[in-house]
file work-v9.cif (mmCIF, C-alpha atoms)
data_input
loop_
_atom_site.label_atom_id
_atom_site.label_comp_id
_atom_site.auth_asym_id
_atom_site.auth_seq_id
_atom_site.Cartn_x
_atom_site.Cartn_y
_atom_site.Cartn_z
CA MET A 1 82.44 88.66 76.00
CA GLN A 2 80.27 86.57 78.34
CA ARG A 3 77.07 88.21 79.60
CA VAL A 4 76.47 87.75 83.31
CA LYS A 5 73.92 88.87 85.87
CA VAL A 6 74.84 89.74 89.44
CA ARG A 7 72.63 87.90 91.95
CA ALA A 8 69.97 90.20 93.42
CA ASP A 9 70.33 88.76 96.94
CA MET A 10 70.81 90.88 100.04
CA PRO A 11 72.49 88.47 102.49
CA PRO A 12 73.63 89.63 105.93
CA GLY A 13 77.28 89.70 106.98
CA HIS A 14 80.49 90.47 105.14
CA VAL A 15 79.62 90.78 101.46
CA ARG A 16 82.02 91.96 98.77
CA THR A 17 79.53 92.72 96.01
CA PRO A 18 78.34 96.35 96.22
CA ALA A 19 74.57 96.67 96.60
CA TYR A 20 74.24 99.01 93.60
CA LEU A 21 75.46 96.21 91.29
CA ARG A 22 73.09 93.50 92.50
CA GLY A 23 70.57 92.38 89.91
CA LYS A 24 72.48 94.20 87.15
CA ILE A 25 73.64 92.67 83.85
CA GLY A 26 77.11 93.18 82.45
CA VAL A 27 79.80 91.40 80.46
CA THR A 28 82.88 89.67 81.81
CA GLU A 29 85.83 91.74 80.61
CA ARG A 30 88.48 89.33 81.93
CA LEU A 31 88.84 86.44 84.37
CA LEU A 32 91.20 86.59 87.34
CA GLY A 33 92.19 84.32 90.15
CA PRO A 34 91.28 81.85 91.53
CA PHE A 35 91.34 83.66 94.87
CA PRO A 36 90.02 82.48 98.27
CA ASN A 37 86.52 83.82 98.88
CA PRO A 38 86.88 86.92 101.14
CA GLU A 39 83.34 86.32 102.42
CA ASP A 40 84.70 83.10 104.04
CA LEU A 41 88.03 84.61 105.12
CA ALA A 42 86.21 87.41 106.99
CA TYR A 43 84.93 84.81 109.46
CA GLY A 44 88.19 82.92 109.86
CA HIS A 45 87.04 80.10 107.56
CA VAL A 46 89.11 78.56 104.80
CA GLY A 47 88.29 80.56 101.68
CA GLN A 48 86.62 78.63 98.88
CA SER A 49 88.75 79.00 95.75
CA LEU A 50 86.77 81.13 93.29
CA ILE A 51 87.28 82.74 89.91
CA LEU A 52 87.05 86.51 90.01
CA HIS A 53 85.31 88.21 87.08
CA ARG A 54 85.95 91.78 86.05
CA VAL A 55 82.49 92.75 84.91
CA ARG A 56 81.76 95.78 82.75
CA PHE A 57 78.41 97.52 83.12
CA SER A 58 76.95 100.45 81.23
CA MET A 59 75.90 103.45 83.32
CA ALA A 60 72.47 103.11 81.64
CA GLU A 61 72.15 99.60 83.13
CA LEU A 62 73.19 100.77 86.59
CA TRP A 63 71.25 104.02 86.90
CA GLY A 64 68.58 103.94 84.19
CA ASP A 65 67.21 107.35 83.25
CA ALA A 66 69.22 108.94 86.08
CA ALA A 67 72.52 108.03 84.41
CA GLU A 68 74.81 111.01 84.01
CA ALA A 69 76.07 109.70 80.63
CA PRO A 70 74.39 106.41 79.65
CA GLU A 71 77.27 105.26 77.42
CA ASP A 72 79.88 105.60 80.14
CA THR A 73 80.94 102.36 81.77
CA LEU A 74 81.89 100.90 85.13
CA GLU A 75 83.97 97.83 85.88
CA ALA A 76 84.08 95.92 89.15
CA GLU A 77 85.47 92.64 90.44
CA ILE A 78 82.72 90.13 91.20
CA TYR A 79 83.34 86.63 92.56
CA ALA A 80 81.91 83.75 90.52
CA HIS A 81 79.37 82.70 93.17
CA TRP A 82 77.67 86.10 92.79
CA LEU A 83 77.10 85.67 89.04
CA GLU A 84 74.44 83.93 87.00
CA PRO A 85 74.69 83.26 83.27
CA VAL A 86 72.48 85.31 80.97
CA ASP A 87 71.05 83.79 77.81
CA ALA A 88 71.95 85.54 74.59
CA PRO A 89 69.32 88.18 73.75
CA MET B 1 78.46 132.54 123.01
CA PRO B 2 81.37 134.69 121.94
CA HIS B 3 82.52 134.22 118.39
CA ASP B 4 85.88 135.88 118.74
CA HIS B 5 87.77 134.45 115.78
CA HIS B 6 90.95 134.38 117.82
CA ASP B 7 89.45 131.41 119.68
CA HIS B 8 88.90 129.45 116.48
CA LEU B 9 91.66 130.34 114.08
CA SER B 10 95.38 129.86 114.28
CA PRO B 11 97.65 132.84 113.54
CA SER B 12 97.85 131.55 109.95
CA GLY B 13 94.07 131.75 109.66
CA HIS B 14 93.25 128.04 109.83
CA PRO B 15 90.75 126.56 112.27
CA TYR B 16 92.29 124.68 115.17
CA ARG B 17 91.80 120.94 114.95
CA PRO B 18 89.96 119.78 118.09
CA ASP B 19 92.07 117.73 120.47
CA ASP B 20 91.45 114.00 120.23
CA ASP B 21 90.60 113.43 123.88
CA GLN B 22 88.09 110.64 123.27
CA PRO B 23 88.61 107.27 124.94
CA LEU B 24 89.99 104.52 122.69
CA SER B 25 87.43 102.93 120.41
CA TYR B 26 86.70 99.20 120.52
CA TRP B 27 88.84 98.62 117.43
CA GLN B 28 91.75 100.73 118.66
CA THR B 29 91.74 98.74 121.89
CA LEU B 30 91.60 95.47 119.95
CA GLU B 31 94.54 96.52 117.74
CA ILE B 32 96.68 97.39 120.76
CA ALA B 33 95.76 94.12 122.49
CA VAL B 34 96.58 91.97 119.43
CA ARG B 35 99.81 93.87 118.78
CA GLU B 36 100.95 93.46 122.39
CA LEU B 37 100.13 89.75 122.34
CA LEU B 38 102.11 89.26 119.11
CA VAL B 39 105.09 91.01 120.70
CA GLU B 40 104.71 89.12 123.98
CA LYS B 41 104.66 85.77 122.17
CA GLY B 42 107.74 86.67 120.17
CA ILE B 43 105.94 86.61 116.79
CA THR B 44 106.95 90.19 116.01
CA THR B 45 108.83 93.03 117.69
CA PRO B 46 108.19 96.76 118.02
CA ALA B 47 111.26 97.28 115.83
CA ASP B 48 109.78 95.09 113.06
CA ILE B 49 106.54 97.07 113.21
CA ALA B 50 108.46 100.36 112.99
CA VAL B 51 110.37 99.05 109.96
CA GLN B 52 107.09 98.18 108.21
CA ILE B 53 105.65 101.61 108.96
CA ASP B 54 108.81 103.25 107.59
CA ALA B 55 108.69 101.06 104.47
CA MET B 56 105.07 102.07 103.84
CA ASP B 57 105.82 105.75 104.43
CA ALA B 58 108.72 105.53 101.96
CA ARG B 59 106.36 104.49 99.14
CA ASN B 60 105.01 107.47 97.24
CA PRO B 61 103.53 108.53 93.92
CA ALA B 62 107.01 109.08 92.43
CA MET B 63 107.30 105.27 92.11
CA GLY B 64 104.13 105.10 90.04
CA ALA B 65 105.28 108.09 87.97
CA LYS B 66 108.38 106.15 86.94
CA VAL B 67 106.18 103.24 85.84
CA VAL B 68 103.99 105.57 83.75
CA ALA B 69 106.98 107.32 82.16
CA ARG B 70 108.52 104.00 81.20
CA TYR B 71 105.18 102.92 79.69
CA TRP B 72 105.34 106.03 77.51
CA THR B 73 108.92 105.43 76.37
CA ASP B 74 109.42 101.64 76.20
CA ALA B 75 107.00 99.68 74.00
CA ASP B 76 108.13 96.27 75.31
CA PHE B 77 107.60 97.44 78.88
CA ALA B 78 104.19 98.86 77.95
CA ALA B 79 103.12 95.46 76.61
CA ALA B 80 104.45 93.70 79.72
CA LEU B 81 102.61 96.17 81.98
CA ILE B 82 99.30 95.46 80.25
CA GLU B 83 99.95 91.71 80.45
CA ASP B 84 100.76 91.73 84.19
CA ALA B 85 101.30 95.11 85.82
CA ALA B 86 102.51 93.68 89.13
CA ARG B 87 105.19 91.53 87.50
CA ALA B 88 106.40 94.34 85.22
CA THR B 89 106.55 96.74 88.18
CA ARG B 90 108.52 94.24 90.28
CA GLU B 91 110.92 93.73 87.38
CA MET B 92 111.58 97.48 87.43
CA GLY B 93 112.92 96.93 90.94
CA PHE B 94 110.00 98.13 93.06
CA ASP B 95 109.24 96.15 96.22
CA ILE B 96 105.46 96.04 96.00
CA GLY B 97 104.98 92.96 98.18
CA PRO B 98 101.92 90.87 97.30
CA LEU B 99 100.23 93.68 95.33
CA LYS B 100 98.12 92.50 92.38
CA LEU B 101 97.97 95.34 89.89
CA ILE B 102 96.11 96.18 86.68
CA ALA B 103 97.23 99.09 84.48
CA LEU B 104 94.43 101.10 82.85
CA PRO B 105 95.71 103.10 79.87
CA ASN B 106 93.69 106.15 78.88
CA THR B 107 93.26 106.78 75.17
CA ALA B 108 92.04 109.67 73.05
CA THR B 109 88.48 108.43 73.64
CA LEU B 110 88.66 106.69 77.03
CA HIS B 111 89.28 108.12 80.50
CA ASN B 112 89.70 105.77 83.47
CA ILE B 113 89.03 106.69 87.10
CA VAL B 114 89.47 104.48 90.18
CA VAL B 115 87.35 104.33 93.33
CA CYS B 116 86.68 101.79 96.08
CA THR B 117 83.04 102.04 97.12
CA LEU B 118 83.28 99.32 99.78
CA CYS B 119 86.25 100.72 101.70
CA SER B 120 89.42 102.43 100.50
CA CYS B 121 91.39 99.89 98.43
CA TYR B 122 94.35 101.68 96.86
CA PRO B 123 97.67 100.51 95.37
CA ARG B 124 99.51 101.56 98.55
CA ASN B 125 102.46 99.29 97.88
CA LEU B 126 103.21 101.32 94.77
CA LEU B 127 101.77 104.81 95.35
CA GLY B 128 101.95 105.04 99.15
CA LEU B 129 99.02 106.10 101.33
CA PRO B 130 95.88 107.36 99.60
CA PRO B 131 94.76 110.98 99.87
CA ASP B 132 92.12 111.59 102.56
CA TRP B 133 89.43 112.44 100.03
CA TYR B 134 89.84 109.02 98.37
CA LYS B 135 88.44 107.49 101.57
CA SER B 136 85.59 109.98 101.96
CA ARG B 137 81.99 108.84 101.61
CA ALA B 138 81.35 111.62 99.10
CA TYR B 139 84.10 110.50 96.69
CA ARG B 140 83.21 106.82 97.09
CA SER B 141 79.48 107.24 96.55
CA ARG B 142 79.49 109.95 93.90
CA THR B 143 82.22 108.64 91.61
CA VAL B 144 80.20 105.61 90.53
CA ARG B 145 77.07 107.69 89.97
CA GLU B 146 78.24 111.03 88.56
CA PRO B 147 81.90 110.63 87.61
CA ARG B 148 81.87 113.55 85.17
CA LYS B 149 80.65 115.93 87.85
CA VAL B 150 83.31 114.63 90.26
CA LEU B 151 85.98 115.01 87.56
CA ALA B 152 84.85 118.57 86.84
CA GLU B 153 85.28 119.41 90.53
CA PHE B 154 88.86 118.15 90.21
CA GLY B 155 89.29 120.47 87.23
CA VAL B 156 89.00 117.76 84.57
CA THR B 157 86.33 118.38 81.95
CA LEU B 158 86.16 115.76 79.24
CA PRO B 159 84.56 115.97 75.81
CA ASP B 160 81.21 114.19 75.47
CA ASN B 161 82.70 111.70 73.03
CA THR B 162 85.28 110.53 75.58
CA GLU B 163 84.00 107.47 77.42
CA VAL B 164 84.45 107.65 81.18
CA ARG B 165 85.15 104.25 82.70
CA VAL B 166 84.90 103.96 86.47
CA HIS B 167 86.79 101.10 88.14
CA ASP B 168 85.29 100.03 91.47
CA SER B 169 88.12 98.28 93.29
CA THR B 170 85.92 95.72 95.06
CA ALA B 171 88.18 92.72 95.59
CA ASP B 172 91.75 91.55 95.12
CA MET B 173 93.09 93.76 92.33
CA ARG B 174 94.47 97.27 92.60
CA TYR B 175 94.61 99.79 89.75
CA ILE B 176 96.89 102.43 88.28
CA VAL B 177 95.63 104.70 85.53
CA ILE B 178 98.13 105.35 82.74
CA PRO B 179 97.33 108.91 81.63
CA ASN B 180 97.90 110.06 78.08
CA ARG B 181 101.36 111.39 77.40
CA PRO B 182 101.23 115.18 77.29
CA GLY B 183 101.85 116.83 73.94
CA GLY B 184 105.07 118.74 73.35
CA THR B 185 107.24 116.08 75.00
CA ASP B 186 108.74 114.46 71.90
CA GLY B 187 112.25 113.26 72.61
CA TRP B 188 111.92 113.63 76.40
CA ASP B 189 113.54 110.89 78.43
CA ALA B 190 111.69 108.87 81.05
CA ALA B 191 113.12 110.83 84.00
CA ALA B 192 111.88 114.15 82.61
CA LEU B 193 108.50 112.67 81.74
CA ALA B 194 108.08 111.19 85.24
CA ASP B 195 108.11 114.72 86.66
CA LEU B 196 104.90 115.42 84.73
CA VAL B 197 103.00 112.49 86.26
CA THR B 198 100.88 113.49 89.26
CA ARG B 199 99.33 111.23 91.88
CA ASP B 200 95.84 112.26 90.81
CA SER B 201 96.59 111.43 87.17
CA MET B 202 97.25 107.83 88.29
CA ILE B 203 93.94 107.71 90.21
CA GLY B 204 92.17 109.23 87.24
CA THR B 205 91.01 112.40 89.00
CA GLY B 206 93.68 114.48 87.30
CA LEU B 207 95.74 114.86 84.16
CA PRO B 208 99.53 114.99 83.94
CA ARG B 209 101.26 118.35 83.97
CA THR B 210 101.97 119.86 80.58
CA PRO B 211 105.40 121.21 79.66
#

call {"tool": "encode", "arguments": {"input": "work-v9.cif", "output": "structure tokens"}}
result
Amino acid sequence: MQRVKVRADMPPGHVRTPAYLRGKIGVTERLLGPFPNPEDLAYGHVGQSLILHRVRFSMAELWGDAAEAPEDTLEAEIYAHWLEPVDAP
Amino acid sequence: MPHDHHDHLSPSGHPYRPDDDQPLSYWQTLEIAVRELLVEKGITTPADIAVQIDAMDARNPAMGAKVVARYWTDADFAAALIEDAARATREMGFDIGPLKLIALPNTATLHNIVVCTLCSCYPRNLLGLPPDWYKSRAYRSRTVREPRKVLAEFGVTLPDNTEVRVHDSTADMRYIVIPNRPGGTDGWDAAALADLVTRDSMIGTGLPRTP
């Protein structure tokens, strides 16, 4: 599975990437779409056609030492423009 | 300040809900204005709107329960549901509109639970309206951070070696958890099995009933 990093940006306006996932590294579990970008649609613009990733994160990655159970996982849908590739470790 | 409980509790012992005497909010006013304009311009009618409200109210967890029971009893359907849950559900005859759906099967070592931290995304076109708590800030914020504690409060305690997988419904897809088939149901038909499937078991906050 492809490793990806969620951009750590904090832009204003209608954003569909939850803040707690920004800057976090996960793996793309499956690809969906393309769908029109909801961050464009929210302002009445034509939505740019984007691939939607379902990204799987470990709770350890999201919450560090505060994780309730580090091996548990979380999956979320993240649009392609929010993701950066991660080099293999 | 008198605290005579007769002022606060109904005869059945519940607190009275305060009357909603507030003026309309900005968004309520906007909704009424847009709706009236759409009617005035002949784009929709009050009857059409009532039909849509009735159609939404007619959707309920029993539809999802039939999908789960068929997953348990029909291997071809189970494969089709994993491949494309919306298509398989439509082919069962359910009118789910434009819903895009992913089925999340639990296993002996994996428990799925669904939340929408950004708002309250829910597979309404299959399961009907979400429960109030699904939209609460507490459920939305805590489920991604301490899902096991949230599950325990719903009465679901999982072994440590079961992985909990939280699904944050952030964009275009909606989710239905496929709970594990309860033991002691060998030979049951789909209709009998569907009666065991609860709404919460399809959100992941509950387990199916046991026979």

call {"tool": "interface_residues", "arguments": {"input": "work-v9.cif", "of": "chain B", "to": "chain A", "cutoff": "9 Å", "atoms": "only C-alpha atoms", "output": "ChimeraX atom specification"}}
result
/B:117-118,144-149,160,162-173

call {"tool": "closest_residue", "arguments": {"input": "work-v9.cif", "among": "B:Pro211, B:Asp76, B:Ala50, B:Ala86", "to": "B:Leu196", "atoms": "all atoms listed in the file"}}
result
B:Pro211

call {"tool": "atom_distance", "arguments": {"input": "work-v9.cif", "atom1": "atom CA of A:Pro11", "atom2": "atom CA of A:Glu29"}}
result
25.8 Å

call {"tool": "atom_distance", "arguments": {"input": "work-v9.cif", "atom1": "atom CA of B:Arg174", "atom2": "atom CA of B:Lys135"}}
result
14.9 Å

call {"tool": "atom_distance", "arguments": {"input": "work-v9.cif", "atom1": "atom CA of B:Leu129", "atom2": "atom CA of B:Gly42"}}
result
28.4 Å

call {"tool": "resolve_selection", "arguments": {"input": "work-v9.cif", "expression": "the PyMOL selection byres ((chain B and resi 104) around 10)", "output": "list in words"}}
result
Leu81, Ile82, Ala85, Leu101, Ile102, Ala103, Pro105, Asn106, Thr107, Leu110, His111, Asn112, Ile113, Val114, Arg165, His167, Tyr175, Ile176, Val177, Ile178, Pro179, Met202, Ile203 and Gly204 of chain B

call {"tool": "resolve_selection", "arguments": {"input": "work-v9.cif", "expression": "the PyMOL selection byres ((chain B and resi 89) around 12)", "output": "PyMOL selection string"}}
result
chain B and resi 63-68+70-71+77-78+80-88+90-103+125-127+176

call {"tool": "closest_residue", "arguments": {"input": "work-v9.cif", "among": "A:His14, A:His53, A:His45, A:Arg30", "to": "A:Glu84", "atoms": "all atoms listed in the file"}}
result
A:His53

call {"tool": "closest_residue", "arguments": {"input": "work-v9.cif", "among": "B:Gly155, B:Pro182, B:Gly206, B:Gly128", "to": "B:Met56", "atoms": "all atoms listed in the file"}}
result
B:Gly128

call {"tool": "build_atoms", "arguments": {"input": "work-v9.cif", "residues": "stretch 79-90 of chain B", "atoms": "all heavy atoms", "output": "JSON list (two decimals), in the frame of the given file"}}
result
[["chain", "number", "residue", "atom", "x", "y", "z"],
["B", 79, "ALA", "N", 103.84, 96.72, 76.85],
["B", 79, "ALA", "CA", 103.12, 95.46, 76.61],
["B", 79, "ALA", "C", 103.17, 94.58, 77.86],
["B", 79, "ALA", "O", 102.16, 93.96, 78.24],
["B", 79, "ALA", "CB", 103.73, 94.74, 75.41],
["B", 80, "ALA", "N", 104.32, 94.53, 78.51],
["B", 80, "ALA", "CA", 104.45, 93.70, 79.72],
["B", 80, "ALA", "C", 103.56, 94.24, 80.85],
["B", 80, "ALA", "O", 103.00, 93.46, 81.63],
["B", 80, "ALA", "CB", 105.91, 93.67, 80.18],
["B", 81, "LEU", "N", 103.42, 95.56, 80.92],
["B", 81, "LEU", "CA", 102.61, 96.17, 81.98],
["B", 81, "LEU", "C", 101.12, 95.84, 81.77],
["B", 81, "LEU", "O", 100.40, 95.61, 82.74],
["B", 81, "LEU", "CB", 102.82, 97.68, 82.00],
["B", 81, "LEU", "CG", 102.34, 98.39, 83.26],
["B", 81, "LEU", "CD1", 103.27, 98.12, 84.44],
["B", 81, "LEU", "CD2", 102.19, 99.89, 83.04],
["B", 82, "ILE", "N", 100.69, 95.82, 80.53],
["B", 82, "ILE", "CA", 99.30, 95.46, 80.25],
["B", 82, "ILE", "C", 99.07, 93.98, 80.56],
["B", 82, "ILE", "O", 98.03, 93.59, 81.09],
["B", 82, "ILE", "CB", 98.94, 95.79, 78.78],
["B", 82, "ILE", "CG1", 99.04, 97.29, 78.53],
["B", 82, "ILE", "CG2", 97.55, 95.27, 78.43],
["B", 82, "ILE", "CD1", 98.23, 98.15, 79.47],
["B", 83, "GLU", "N", 100.05, 93.16, 80.23],
["B", 83, "GLU", "CA", 99.95, 91.71, 80.45],
["B", 83, "GLU", "C", 99.86, 91.41, 81.95],
["B", 83, "GLU", "O", 99.00, 90.66, 82.39],
["B", 83, "GLU", "CB", 101.19, 91.04, 79.83],
["B", 83, "GLU", "CG", 101.31, 89.55, 80.07],
["B", 83, "GLU", "CD", 100.32, 88.75, 79.25],
["B", 83, "GLU", "OE1", 99.90, 89.26, 78.17],
["B", 83, "GLU", "OE2", 99.96, 87.63, 79.67],
["B", 84, "ASP", "N", 100.76, 91.97, 82.74],
["B", 84, "ASP", "CA", 100.76, 91.73, 84.19],
["B", 84, "ASP", "C", 101.49, 92.90, 84.85],
["B", 84, "ASP", "O", 102.72, 92.92, 84.93],
["B", 84, "ASP", "CB", 101.47, 90.40, 84.50],
["B", 84, "ASP", "CG", 101.44, 90.07, 86.00],
["B", 84, "ASP", "OD1", 101.23, 91.00, 86.81],
["B", 84, "ASP", "OD2", 101.64, 88.90, 86.35],
["B", 85, "ALA", "N", 100.71, 93.86, 85.32],
["B", 85, "ALA", "CA", 101.30, 95.11, 85.82],
["B", 85, "ALA", "C", 102.15, 94.87, 87.06],
["B", 85, "ALA", "O", 103.16, 95.54, 87.26],
["B", 85, "ALA", "CB", 100.21, 96.14, 86.09],
["B", 86, "ALA", "N", 101.73, 93.92, 87.91],
["B", 86, "ALA", "CA", 102.51, 93.68, 89.13],
["B", 86, "ALA", "C", 103.89, 93.11, 88.78],
["B", 86, "ALA", "O", 104.91, 93.55, 89.32],
["B", 86, "ALA", "CB", 101.75, 92.72, 90.04],
["B", 87, "ARG", "N", 103.91, 92.14, 87.86],
["B", 87, "ARG", "CA", 105.19, 91.53, 87.50],
["B", 87, "ARG", "C", 106.12, 92.56, 86.85],
["B", 87, "ARG", "O", 107.30, 92.67, 87.19],
["B", 87, "ARG", "CB", 104.96, 90.33, 86.55],
["B", 87, "ARG", "CG", 106.23, 89.50, 86.33],
["B", 87, "ARG", "CD", 105.94, 88.28, 85.48],
["B", 87, "ARG", "NE", 105.44, 88.67, 84.16],
["B", 87, "ARG", "CZ", 104.62, 87.93, 83.42],
["B", 87, "ARG", "NH1", 104.18, 86.77, 83.86],
["B", 87, "ARG", "NH2", 104.22, 88.34, 82.24],
["B", 88, "ALA", "N", 105.57, 93.35, 85.93],
["B", 88, "ALA", "CA", 106.40, 94.34, 85.22],
["B", 88, "ALA", "C", 106.94, 95.37, 86.21],
["B", 88, "ALA", "O", 108.09, 95.82, 86.08],
["B", 88, "ALA", "CB", 105.57, 95.02, 84.13],
["B", 89, "THR", "N", 106.12, 95.74, 87.20],
["B", 89, "THR", "CA", 106.55, 96.74, 88.18],
["B", 89, "THR", "C", 107.65, 96.16, 89.08],
["B", 89, "THR", "O", 108.63, 96.84, 89.39],
["B", 89, "THR", "CB", 105.34, 97.19, 89.02],
["B", 89, "THR", "OG1", 104.33, 97.65, 88.12],
["B", 89, "THR", "CG2", 105.70, 98.30, 89.97],
["B", 90, "ARG", "N", 107.46, 94.89, 89.48],
["B", 90, "ARG", "CA", 108.52, 94.24, 90.28],
["B", 90, "ARG", "C", 109.82, 94.17, 89.49],
["B", 90, "ARG", "O", 110.89, 94.40, 90.04],
["B", 90, "ARG", "CB", 108.09, 92.81, 90.65],
["B", 90, "ARG", "CG", 107.27, 92.76, 91.89],
["B", 90, "ARG", "CD", 107.01, 91.34, 92.38],
["B", 90, "ARG", "NE", 105.80, 91.40, 93.19],
["B", 90, "ARG", "CZ", 104.60, 91.02, 92.75],
["B", 90, "ARG", "NH1", 104.46, 90.48, 91.56],
["B", 90, "ARG", "NH2", 103.55, 91.16, 93.53]]
